[in-house]
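As provided, entry_4.cif (mmCIF, C-alpha atoms) reads as follows.
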data_my_file
loop_
_atom_site.label_atom_id
_atom_site.label_comp_id
_atom_site.auth_asym_id
_atom_site.auth_seq_id
_atom_site.Cartn_x
_atom_site.Cartn_y
_atom_site.Cartn_z
CA MET A 8 17.90 22.38 -12.29
CA PRO A 9 18.42 24.53 -15.44
CA ASP A 10 16.95 21.73 -17.57
CA ALA A 11 13.88 21.56 -15.33
CA GLN A 12 13.44 25.32 -15.60
CA ARG A 13 13.65 25.22 -19.39
CA LEU A 14 11.10 22.41 -19.47
CA LEU A 15 8.40 24.61 -17.94
CA ASN A 16 9.46 27.88 -19.55
CA PRO A 17 6.71 29.00 -21.95
CA ASP A 18 9.12 30.96 -24.17
CA ASN A 19 11.87 28.43 -24.83
CA GLY A 20 10.32 26.85 -27.92
CA ILE A 21 10.22 23.38 -26.34
CA ASP A 22 6.93 21.50 -26.16
CA ALA A 23 5.67 21.27 -22.59
CA PRO A 24 4.65 17.91 -21.10
CA ASP A 25 1.23 16.98 -22.45
CA LEU A 26 0.59 13.76 -20.51
CA ILE A 27 0.22 13.27 -16.74
CA ILE A 28 -0.04 9.72 -15.33
CA GLN A 29 -1.50 9.43 -11.84
CA ASP A 30 -1.19 6.00 -10.23
CA GLU A 31 -3.12 4.84 -7.14
CA LEU A 32 -5.80 7.50 -7.48
CA HIS A 33 -7.67 6.25 -4.42
CA LEU A 34 -4.86 7.51 -2.16
CA LEU A 35 -5.64 11.13 -3.04
CA VAL A 36 -8.39 11.57 -0.48
CA GLY A 37 -8.95 13.70 2.60
CA ALA A 38 -6.29 16.28 3.45
CA LEU A 39 -3.77 14.90 0.94
CA GLY A 40 -6.27 15.02 -1.91
CA SER A 41 -7.26 18.57 -1.01
CA ILE A 42 -3.64 19.75 -1.19
CA VAL A 43 -3.07 17.83 -4.43
CA GLY A 44 -6.15 19.51 -5.94
CA LEU A 45 -4.54 22.93 -5.49
CA PHE A 46 -1.04 21.78 -6.37
CA GLU A 47 -2.22 20.22 -9.63
CA SER A 48 -3.78 23.55 -10.56
CA VAL A 49 -0.31 25.11 -10.41
CA VAL A 50 1.26 22.30 -12.45
CA GLU A 51 -1.45 22.53 -15.08
CA ALA A 52 -1.12 26.32 -15.30
CA LEU A 53 2.64 25.99 -15.81
CA ILE A 54 2.51 23.47 -18.65
CA SER A 55 -0.67 24.58 -20.44
CA ARG A 56 -0.05 26.33 -23.77
CA ASN A 57 -2.55 28.52 -25.59
CA GLY A 58 -5.50 26.92 -23.83
CA ARG A 59 -4.25 23.41 -24.50
CA ARG A 60 -4.33 21.41 -21.27
CA PRO A 61 -2.37 18.20 -20.64
CA LYS A 62 -4.08 14.84 -20.86
CA ILE A 63 -4.40 13.01 -17.53
CA ILE A 64 -4.57 9.22 -17.12
CA ALA A 65 -5.33 7.94 -13.62
CA SER A 66 -5.48 4.32 -12.46
CA THR A 67 -6.99 2.67 -9.42
CA ALA A 68 -8.62 -0.62 -8.48
CA THR A 69 -10.86 0.77 -5.74
CA THR A 70 -12.84 3.94 -6.26
CA ARG A 71 -16.32 5.33 -5.73
CA ASN A 72 -17.78 8.77 -6.40
CA THR A 73 -15.16 9.12 -9.11
CA ASN A 74 -16.84 11.93 -11.04
CA ASN A 75 -16.88 14.24 -8.04
CA LEU A 76 -13.31 13.32 -7.04
CA ILE A 77 -11.93 14.03 -10.52
CA LYS A 78 -13.84 17.29 -10.72
CA ASN A 79 -12.24 18.57 -7.49
CA LEU A 80 -8.79 17.26 -8.42
CA TYR A 81 -8.53 18.22 -12.07
CA ASN A 82 -11.86 19.85 -13.07
CA ARG A 83 -12.21 17.28 -15.85
CA LYS A 84 -14.83 14.89 -17.10
CA VAL A 85 -14.22 11.18 -16.55
CA ALA A 86 -13.96 8.60 -19.30
CA VAL A 87 -13.46 5.06 -18.00
CA PHE A 88 -11.03 2.87 -19.91
CA PRO A 89 -11.43 0.20 -21.04
CA PRO A 90 -15.08 0.85 -21.84
CA GLN A 91 -17.78 -1.71 -21.25
CA GLY A 92 -18.29 -4.05 -24.18
CA LEU A 93 -21.26 -6.09 -25.33
CA ASN A 94 -20.27 -8.85 -22.96
CA TYR A 95 -19.50 -8.01 -19.32
CA ASN A 96 -16.95 -10.84 -19.11
CA ASP A 97 -15.02 -9.75 -22.20
CA ASN A 98 -14.57 -6.16 -23.41
CA TYR A 99 -11.73 -6.95 -25.86
CA PHE A 100 -9.07 -5.29 -23.69
CA SER A 101 -9.60 -7.63 -20.72
CA HIS A 102 -11.62 -10.67 -19.81
CA ILE A 103 -12.66 -12.46 -16.63
CA VAL A 104 -11.04 -15.83 -16.00
CA PRO A 105 -13.21 -18.35 -14.15
CA GLY A 106 -11.77 -19.43 -10.83
CA ALA A 107 -9.54 -17.41 -8.54
CA THR A 108 -5.94 -17.76 -7.46
CA ARG A 109 -6.68 -16.15 -4.09
CA ARG A 110 -8.89 -17.86 -1.54
CA HIS A 111 -10.33 -16.23 1.59
CA ILE A 112 -11.05 -18.01 4.85
CA GLY A 113 -12.88 -16.35 7.74
CA MET A 114 -12.11 -17.37 11.31
CA MET A 115 -13.68 -16.08 14.50
CA PRO A 116 -13.08 -17.61 17.96
CA SER A 117 -16.06 -18.35 20.14
CA GLY A 118 -16.70 -19.35 23.73
CA ASN A 119 -13.83 -18.70 26.10
CA SER A 120 -11.22 -18.46 23.35
CA SER A 121 -9.74 -15.01 22.88
CA SER A 122 -8.60 -13.46 19.63
CA ASN A 123 -5.06 -13.19 20.98
CA MET A 124 -4.86 -16.92 21.70
CA ALA A 125 -6.41 -17.72 18.33
CA GLU A 126 -3.78 -15.57 16.64
CA ILE A 127 -0.95 -17.40 18.44
CA ARG A 128 -2.31 -20.83 17.58
CA LEU A 129 -3.06 -19.90 13.97
CA THR A 130 0.46 -18.57 13.45
CA ALA A 131 1.97 -21.73 14.94
CA PHE A 132 -0.20 -23.99 12.77
CA LEU A 133 0.74 -22.11 9.60
CA LEU A 134 4.41 -22.57 10.45
CA LEU A 135 3.75 -26.26 11.12
CA SER A 136 1.87 -26.69 7.85
CA ARG A 137 5.13 -26.51 5.93
CA ILE A 138 6.01 -29.89 7.44
CA LYS A 139 3.17 -31.49 5.52
CA VAL A 140 4.59 -30.13 2.27
CA PHE A 141 7.98 -31.60 3.13
CA LYS A 142 6.49 -34.96 4.07
CA LYS A 143 4.23 -35.30 1.04
CA GLU A 144 6.83 -34.25 -1.53
CA ILE A 145 9.56 -36.47 -0.07
CA GLU A 146 7.30 -39.52 0.26
CA ASP A 147 6.03 -39.01 -3.31
CA ARG A 148 9.63 -39.51 -4.40
CA ASP A 149 9.84 -42.79 -2.48
CA ARG A 150 12.24 -41.38 0.08
CA ASP A 151 12.23 -41.54 3.88
CA TRP A 152 11.28 -38.16 5.34
CA THR A 153 12.76 -39.14 8.74
CA SER A 154 16.20 -39.64 7.20
CA ASP A 155 18.56 -36.65 7.14
CA LYS A 156 20.33 -38.05 4.11
CA ASP A 157 17.17 -38.54 2.05
CA VAL A 158 15.81 -35.08 2.93
CA ILE A 159 19.11 -33.42 2.01
CA ASN A 160 19.38 -35.32 -1.28
CA VAL A 161 15.85 -34.43 -2.34
CA CYS A 162 16.31 -30.74 -1.50
CA ASN A 163 19.66 -30.55 -3.31
CA GLN A 164 18.54 -32.44 -6.40
CA ASP A 165 14.98 -31.26 -6.90
CA GLY A 166 14.47 -27.55 -7.44
CA LYS A 167 10.69 -28.08 -7.70
CA LEU A 168 10.43 -28.84 -3.98
CA LEU A 169 12.34 -25.69 -3.04
CA GLN A 170 10.15 -23.59 -5.33
CA LEU A 171 7.00 -25.07 -3.79
CA LEU A 172 8.32 -24.42 -0.29
CA ASP A 173 9.35 -20.90 -1.20
CA ASN A 174 5.84 -20.05 -2.41
CA TYR A 175 4.38 -20.75 1.03
CA TRP A 176 7.34 -20.34 3.33
CA THR A 177 6.56 -16.79 4.47
CA THR A 178 3.39 -15.83 6.33
CA VAL A 179 2.41 -12.16 6.24
CA LEU A 180 0.63 -10.95 9.39
CA TYR A 181 -1.35 -7.77 8.65
CA PHE A 182 -2.45 -5.47 11.49
CA ASN A 183 -4.63 -2.39 11.63
CA SER A 184 -2.65 -0.66 14.37
CA LEU A 185 0.96 -0.52 15.51
CA LYS A 186 -0.17 -1.31 19.04
CA ASP A 187 -1.59 -4.70 18.02
CA LEU A 188 1.40 -5.37 15.81
CA GLY A 189 3.92 -4.65 18.56
CA ARG A 190 2.08 -6.85 21.03
CA SER A 191 2.01 -9.77 18.60
CA ARG A 192 5.63 -9.26 17.57
CA SER A 193 6.77 -9.71 21.17
CA ARG A 194 4.94 -13.04 21.42
CA VAL A 195 6.74 -14.80 18.59
CA SER A 196 9.85 -15.82 20.51
CA GLN A 197 7.90 -17.25 23.43
CA GLU A 198 4.18 -17.95 23.03
CA VAL A 199 4.19 -18.84 19.33
CA PHE A 200 7.36 -20.89 19.78
CA GLU A 201 5.92 -22.79 22.76
CA ASN A 202 2.70 -23.48 20.84
CA PHE A 203 4.73 -24.68 17.88
CA ARG A 204 6.83 -26.99 20.04
CA ALA A 205 3.77 -28.45 21.80
CA HIS A 206 2.21 -29.49 18.50
CA LYS A 207 5.53 -30.67 17.12
CA TYR A 208 5.41 -33.69 19.40
CA LEU A 209 1.76 -34.28 18.52
CA TYR A 210 2.67 -34.49 14.83
CA GLN A 211 5.80 -36.53 15.61
CA ILE A 212 8.11 -34.35 13.60
CA PRO A 213 11.51 -35.99 13.13
CA LYS A 214 14.88 -34.31 13.71
CA SER A 215 15.46 -34.29 9.96
CA LEU A 216 12.97 -31.40 9.73
CA SER A 217 14.09 -29.52 12.82
CA LEU A 218 15.11 -26.67 10.50
CA LEU A 219 11.48 -25.47 10.59
CA GLU A 220 11.71 -24.93 14.32
CA ASN A 221 15.23 -23.65 14.80
CA ARG A 222 15.47 -19.87 15.02
CA PHE A 223 12.25 -19.12 13.15
CA ASP A 224 11.65 -16.33 15.66
CA GLN A 225 14.77 -14.62 14.29
CA ARG A 226 13.69 -14.83 10.67
CA VAL A 227 11.16 -12.02 11.02
CA LEU A 228 10.70 -8.79 9.05
CA GLU A 229 8.60 -5.74 9.84
CA PHE A 230 7.09 -3.29 7.35
CA THR A 231 5.69 -0.37 9.31
CA SER A 232 6.29 3.35 9.79
CA ARG A 233 8.50 2.46 12.76
CA ILE A 234 11.23 1.36 10.34
CA GLU A 235 13.65 4.03 9.14
CA SER A 236 13.12 4.94 5.50
CA ASN A 237 16.74 4.18 4.59
CA ARG A 238 16.24 0.56 5.67
CA ILE A 239 13.09 -0.10 3.65
CA LYS A 240 14.94 -0.85 0.41
CA GLY A 241 17.12 -3.42 2.13
CA PHE A 242 14.07 -5.02 3.73
CA LEU A 243 12.36 -5.27 0.35
CA THR A 244 15.40 -6.97 -1.11
CA GLU A 245 15.46 -9.40 1.80
CA ALA A 246 11.74 -10.12 1.44
CA GLU A 247 12.21 -10.95 -2.23
CA SER A 248 15.06 -13.37 -1.51
CA CYS A 249 14.06 -17.00 -1.96
CA VAL A 250 14.40 -19.48 0.86
CA GLY A 251 17.83 -21.11 0.92
CA LEU A 252 18.87 -24.34 2.66
CA ASN A 253 22.29 -25.71 3.58
CA VAL A 254 23.80 -28.46 5.74
CA ASN A 255 25.24 -27.52 9.12
CA ASP A 256 28.20 -29.11 10.90
CA ASN A 257 25.95 -31.71 12.55
CA GLY A 258 24.71 -33.00 9.22
CA HIS A 259 21.24 -31.53 9.55
CA LEU A 260 19.48 -29.36 7.02
CA ASN A 261 19.49 -25.70 8.00
CA VAL A 262 17.78 -22.51 6.78
CA ALA A 263 20.35 -20.17 5.26
CA SER A 264 18.02 -17.41 3.98
CA GLY A 265 14.35 -16.51 3.86
CA ASN A 266 11.82 -15.03 6.27
CA ASP A 267 9.28 -17.09 8.14
CA LEU A 268 7.09 -14.22 9.32
CA VAL A 269 6.43 -10.67 8.08
CA PHE A 270 4.64 -8.19 10.35
CA ALA A 271 3.04 -5.43 8.32
CA SER A 272 0.71 -2.47 8.60
CA ASN A 273 -1.13 -0.65 5.79
CA MET A 274 2.29 0.47 4.59
CA ILE A 275 2.28 -2.55 2.23
CA SER A 276 -1.23 -1.94 0.90
CA VAL A 277 0.00 -0.16 -2.24
CA GLY A 278 3.11 -0.33 -4.36
CA ILE A 279 4.73 -3.41 -2.79
CA ASP A 280 4.65 -6.49 -5.04
CA ILE A 281 6.51 -9.48 -3.59
CA SER A 282 5.80 -12.55 -5.71
CA ARG A 283 6.87 -14.87 -2.86
CA TRP A 284 4.03 -13.71 -0.62
CA ASN A 285 1.15 -16.13 -1.03
CA GLN A 286 -0.10 -16.49 2.54
CA MET A 287 -1.57 -13.71 4.70
CA VAL A 288 -3.33 -13.48 8.05
CA MET A 289 -5.35 -10.31 8.50
CA VAL A 290 -5.72 -9.74 12.24
CA GLY A 291 -8.98 -7.83 12.43
CA GLN A 292 -10.86 -6.21 9.58
CA PRO A 293 -9.30 -3.07 8.03
CA ARG A 294 -11.21 0.13 8.62
CA SER A 295 -12.17 0.59 4.99
CA THR A 296 -13.12 -1.83 2.24
CA SER A 297 -10.68 -0.10 -0.12
CA GLU A 298 -7.80 -0.83 2.25
CA TYR A 299 -8.97 -4.41 2.62
CA VAL A 300 -9.03 -4.99 -1.14
CA GLN A 301 -5.63 -3.37 -1.66
CA SER A 302 -3.94 -5.13 1.27
CA SER A 303 -5.26 -8.62 0.61
CA SER A 304 -4.16 -8.36 -3.03
CA ARG A 305 -0.50 -8.23 -1.93
CA VAL A 306 -0.53 -12.04 -1.93
CA ALA A 307 -1.19 -14.55 -4.72
CA ARG A 308 0.21 -12.32 -7.44
CA ASN A 309 1.68 -15.18 -9.50
CA THR A 310 0.33 -18.41 -8.02
CA TYR A 311 -2.35 -19.69 -5.69
CA GLY A 312 -2.55 -17.98 -2.32
CA LEU A 313 -4.55 -17.84 0.87
CA VAL A 314 -5.92 -14.92 2.92
CA ILE A 315 -7.17 -15.76 6.42
CA ASN A 316 -9.35 -13.19 8.18
CA LEU A 317 -9.05 -13.56 11.93
CA LEU A 318 -12.04 -11.63 13.25
CA ASN A 319 -12.80 -10.45 16.76
CA PRO A 320 -16.23 -11.55 18.08
CA LEU A 321 -16.35 -8.56 20.45
CA ARG A 322 -16.44 -6.10 17.55
CA ILE A 323 -19.90 -5.75 16.04
CA ARG A 324 -18.65 -4.91 12.55
CA GLU A 325 -16.34 -7.94 12.39
CA HIS A 326 -19.03 -10.20 13.85
CA SER A 327 -21.42 -9.05 11.13
CA LEU A 328 -18.78 -9.62 8.47
CA PHE A 329 -18.25 -13.18 9.65
CA GLU A 330 -21.98 -13.90 9.46
CA ASN A 331 -22.10 -12.58 5.88
CA TYR A 332 -18.61 -13.63 4.87
CA LYS A 333 -19.39 -15.35 1.59
CA SER A 334 -21.86 -12.79 0.27
CA PHE A 335 -19.54 -9.90 1.22
CA HIS A 336 -16.56 -11.33 -0.65
CA ALA A 337 -18.69 -12.12 -3.67
CA THR A 338 -19.53 -8.41 -4.07
CA TYR A 339 -17.08 -6.46 -1.92
CA TYR A 340 -16.33 -3.93 -4.65
CA LYS A 341 -19.87 -2.65 -4.08
CA SER A 342 -18.86 -1.78 -0.50
CA VAL A 343 -15.92 0.46 -1.44
CA GLU A 344 -16.40 3.81 0.29
CA PRO A 345 -16.90 6.99 -1.77
CA LEU A 346 -13.94 9.36 -1.98
CA SER A 347 -14.10 13.09 -1.35
CA ILE A 348 -11.77 16.07 -1.14
CA THR A 349 -12.27 19.78 -0.37
CA PRO A 350 -9.55 21.84 -2.10
CA LEU A 351 -11.21 25.23 -1.58
CA THR A 352 -11.48 25.17 2.21
CA TYR A 353 -9.80 27.85 4.30
CA SER A 354 -7.13 25.59 5.81
CA THR A 355 -6.22 24.01 2.45
CA ILE A 356 -5.69 27.35 0.72
CA LYS A 357 -3.75 28.67 3.71
CA HIS A 358 -1.36 25.71 3.67
CA ASP A 359 -0.86 25.62 -0.10
CA ILE A 360 -0.62 29.32 -0.85
CA LEU A 361 3.19 29.26 -1.03
CA ASN A 362 3.19 26.98 -4.09
CA ASN A 363 0.83 29.31 -5.89
CA MET A 364 2.96 32.31 -4.94
CA ILE A 365 5.96 30.69 -6.61
CA LYS A 366 3.96 30.17 -9.78
CA ILE A 367 2.71 33.76 -9.79
CA TYR A 368 6.24 34.98 -9.16
CA ARG A 369 7.44 33.22 -12.32
CA ASN A 370 4.64 34.40 -14.56
CA TYR A 371 3.94 37.90 -13.28
CA ILE A 372 6.67 39.48 -11.20
CA LEU A 373 9.34 39.01 -13.86
CA GLN A 374 7.22 41.17 -16.19
CA ALA A 375 5.93 43.48 -13.44
CA PRO A 376 8.61 43.93 -10.73
CA GLY A 377 6.37 46.13 -8.59
CA LEU A 378 3.61 43.57 -8.29
CA GLY A 379 3.00 42.40 -4.75
CA GLY A 380 0.59 42.20 -1.86
CA VAL A 381 -3.09 42.46 -2.79
CA ALA A 382 -2.33 42.80 -6.50
CA LEU A 383 -0.34 39.58 -6.34
CA ALA A 384 -3.24 37.85 -4.59
CA ASN A 385 -5.69 39.03 -7.26
CA ALA A 386 -3.35 37.79 -10.00
CA MET A 387 -3.20 34.42 -8.29
CA ILE A 388 -6.98 34.12 -8.15
CA MET A 389 -7.48 35.11 -11.78
CA ASP A 390 -4.68 32.97 -13.21
CA VAL A 391 -4.89 29.79 -11.16
CA PHE A 392 -8.27 29.44 -9.52
CA GLU A 393 -10.55 31.19 -12.01
CA ASN A 394 -9.65 28.81 -14.81
CA ARG A 395 -9.37 25.80 -12.57
CA PHE A 396 -12.60 25.92 -10.60
CA ASN A 397 -16.03 26.99 -11.70
CA MET A 398 -16.41 29.85 -9.23
CA ASP A 399 -19.44 32.04 -8.70
CA ASP A 400 -19.24 35.60 -7.34
CA GLU A 401 -19.71 34.51 -3.73
CA LEU A 402 -16.96 31.88 -3.90
CA ARG A 403 -14.67 34.29 -5.74
CA GLN A 404 -15.07 36.95 -3.06
CA SER A 405 -14.60 34.45 -0.24
CA LEU A 406 -11.46 33.08 -1.88
CA SER A 407 -10.13 36.59 -2.42
CA ASN A 408 -10.57 37.40 1.28
CA ILE A 409 -8.77 34.21 2.35
CA VAL A 410 -5.84 34.77 0.02
CA LYS A 411 -5.45 38.45 0.88
CA ALA A 412 -5.52 37.70 4.60
CA ASN A 413 -2.68 35.20 4.26
CA VAL A 414 -0.40 36.85 1.72
CA GLY A 415 1.28 39.08 4.25
CA ALA A 416 1.39 36.45 6.99
CA ASN A 417 2.66 33.42 5.11
CA CYS A 418 4.45 34.48 1.94
CA ALA A 419 6.79 37.09 0.55
CA THR A 420 4.73 40.04 -0.74
CA SER A 421 7.02 41.55 -3.32
CA LEU A 422 9.73 40.66 -5.80
CA ARG A 423 12.38 42.14 -3.49
CA ASP A 424 11.33 39.90 -0.60
CA ILE A 425 11.52 36.76 -2.73
CA ALA A 426 14.77 37.72 -4.45
CA ASN A 427 16.51 38.51 -1.15
CA ASP A 428 15.32 35.27 0.45
CA ALA A 429 15.55 32.72 -2.34
CA PHE A 430 15.88 29.84 0.08
CA ILE A 431 12.68 30.17 2.06
CA ASN A 432 12.83 28.44 5.40
CA ILE A 433 9.74 26.33 5.84
CA GLN A 434 9.68 27.31 9.50
CA GLN A 435 8.96 30.88 8.49
CA VAL A 436 5.64 29.82 7.00
CA ASN A 437 2.93 29.83 9.64
CA TYR A 438 1.32 26.38 9.37
#
Would you mind writing the file's structure down as structure tokens?
Amino acid sequence: MPDAQRLLNPDNGIDAPDLIIQDELHLLVGALGSIVGLFESVVEALISRNGRRPKIIASTATTRNTNNLIKNLYNRKVAVFPPQGLNYNDNYFSHIVPGATRRHIGMMPSGNSSSNMAEIRLTAFLLLSRIKVFKKEIEDRDRDWTSDKDVINVCNQDGKLLQLLDNYWTTVLYFNSLKDLGRSRSRVSQEVFENFRAHKYLYQIPKSLSLLENRFDQRVLEFTSRIESNRIKGFLTEAESCVGLNVNDNGHLNVASGNDLVFASNMISVGIDISRWNQMVMVGQPRSTSEYVQSSSRVARNTYGLVINLLNPLRIREHSLFENYKSFHATYYKSVEPLSITPLTYSTIKHDILNNMIKIYRNYILQAPGLGGVALANAMIMDVFENRFNMDDELRQSLSNIVKANVGANCATSLRDIANDAFINIQQVNY
């Protein structure tokens, strides 16, 4: 803590941070972006020296209305990097490679088929599809895929087969709501299993490959907000673990490690990079194009992958998407929604005023112990907001009224109050 205090102390002779890196800029929208817009004003005021402001680099793959968003967040002008070159396909820093490693397939049931039944059958078929990989690879090596001995020998001696299986062993099922996810999760052990077993006899799967059927309903992971935060790290480690095979006491090949199914919500849409994930089923279309782009890009990071969109014919938006599936995916970055935030609204200022009070306390009260109340509010406006936002007289007066009305209700109003209550209980702040 003392080191952190010295880092932001303007009189310690140490250079303040002069570079801020903001990743996943598209997440700073709505209420979160509004709060961040005010919070960043405090951070910038703390580390600015003699009018020199820190440089900010932000990255995102999905953004619209960027100029307005950056203005409300940082009050800066936007310079896109890398810049456009003479050739759209090659700007020296990056170039477009022909062909794609990720393929999209759109599916929509019709007639009397329901989306729920289509989801069950699709999941079962994707689990069954691994049998074809086994059969082809073993027969290409002139071995008998119905023989336990030959299957075990090929898997033990050839690491290429295990790597190929590992790339497409896990199917990620992506849902837009926890309700749909929970309903589908409960069907794995019964409906998906029964559908799998019915088609197993149709494909005449031998006992040598019974490992694909045994206990696959227990090799399931879930990435949602329902999972405790202290378990997420362990789940990520488990998801990254490659599929492992061993021989059981009966002489049959058995799955020792690896997940067959992963149930996920938009929790995985940013920041989670599992190279093993190369197969995804998106049950329903995400509510925003930005979320769709981010979520579908979780697969096929290192090799070829497949994204299957299972669309509901009873939803007009998804029906329209299916009819224009190819044209939409050829230009879906054009459909990314514009981003907006409102940092100077009444509720935003009311909720974030405590952070600004702490900043003013550091910079003003130490030099002027009697400063408090309305004077403290005026100091806050002049020091933080005046330089941060281009305010006219009407906005300045409105902001002054909001801040003054909430100083006494939400924050300590004098140096004595803050000093006597250094550990402010968040419950004391009226949110």
Check which residues of region 40-157 of chain A sit at most 12 Å from region 292-295 of chain A using all atoms listed in the file, and return one row each with the closest pair of atoms and their distance in Å to one decimal, ordered by chain and rising number, as JSON lines.
{"residue": "A:Thr69", "atom": "CA", "partner": "A:Ser295", "partner_atom": "CA", "distance": 10.8}
{"residue": "A:Thr70", "atom": "CA", "partner": "A:Ser295", "partner_atom": "CA", "distance": 11.8}
{"residue": "A:Gly113", "atom": "CA", "partner": "A:Gln292", "partner_atom": "CA", "distance": 10.5}
{"residue": "A:Met114", "atom": "CA", "partner": "A:Gln292", "partner_atom": "CA", "distance": 11.4}
{"residue": "A:Met115", "atom": "CA", "partner": "A:Gln292", "partner_atom": "CA", "distance": 11.4}
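Taking CA of Leu171 (chain A) as the reference point, CA of Met287 (chain A) is found at 16.6 Å.
Relative to CA of Val277 (chain A), CA of His33 (chain A) is found at 10.2 Å.
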Practice item. Around the point (26.1, -32.8, 10.2) in the file's coordinates, collect all residues with an atom within 12 Å, using all atoms listed in the file, and return them as a ChimeraX atom specification. Key: /A:155-156,159,214-215,253-261
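Here the PyMOL selection byres ((chain A and resi 48-51) around 9) matches the residues Val43, Gly44, Leu45, Phe46, Glu47, Ala52, Leu53, Ile54, Ser55, Arg60, Pro61, Leu80, Tyr81, Asn362, Asn363, Lys366, Val391, Phe392, Asn394 and Arg395 of chain A.
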Go ahead and dump the residues you just picked, C-alpha atoms, as a compact mmCIF listing (two decimals), in the frame of the given file.
# COMPACT_ATOMS: atom_id res chain seq x y z
CA VAL A 43 -3.07 17.83 -4.43
CA GLY A 44 -6.15 19.51 -5.94
CA LEU A 45 -4.54 22.93 -5.49
CA PHE A 46 -1.04 21.78 -6.37
CA GLU A 47 -2.22 20.22 -9.63
CA ALA A 52 -1.12 26.32 -15.30
CA LEU A 53 2.64 25.99 -15.81
CA ILE A 54 2.51 23.47 -18.65
CA SER A 55 -0.67 24.58 -20.44
CA ARG A 60 -4.33 21.41 -21.27
CA PRO A 61 -2.37 18.20 -20.64
CA LEU A 80 -8.79 17.26 -8.42
CA TYR A 81 -8.53 18.22 -12.07
CA ASN A 362 3.19 26.98 -4.09
CA ASN A 363 0.83 29.31 -5.89
CA LYS A 366 3.96 30.17 -9.78
CA VAL A 391 -4.89 29.79 -11.16
CA PHE A 392 -8.27 29.44 -9.52
CA ASN A 394 -9.65 28.81 -14.81
CA ARG A 395 -9.37 25.80 -12.57
Practice item. Apply the PyMOL selection byres ((chain A and resi 223) around 10) to the structure shown and report the selected residues as a ChimeraX atom specification. Key: /A:134,195-196,200,218-222,224-227,262,265-268
Practice item. Please write as a PyMOL selection string the full residue list that the PyMOL selection byres ((chain A and resi 68) around 9) yields on this file. Key: chain A and resi 31-33+66-67+69-70+297+300-301
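With distances restricted to only C-alpha atoms, A:Ile275 is the closest residue to Glu229 (chain A) from A:Leu328, A:Ala131, A:Leu252, A:Ile275.
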Revision key, fill the gap. Shortest contact to Gln211 (chain A), candidates A:Ile138, A:Met289, A:Leu321, A:Leu402, atoms counted only C-alpha atoms, goes to A:Ile138
Exercise for review: Go ahead and compute the interatomic distance for CA of Val250 (chain A) and CA of Leu133 (chain A), in Å to one decimal.
Suggested key: 16.4 Å
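Compared by their closest atoms to Lys84 (chain A), and using only C-alpha atoms, the residues A:Ala307, A:Arg71, A:Lys62, A:Asp97 rank with A:Lys62 nearest.
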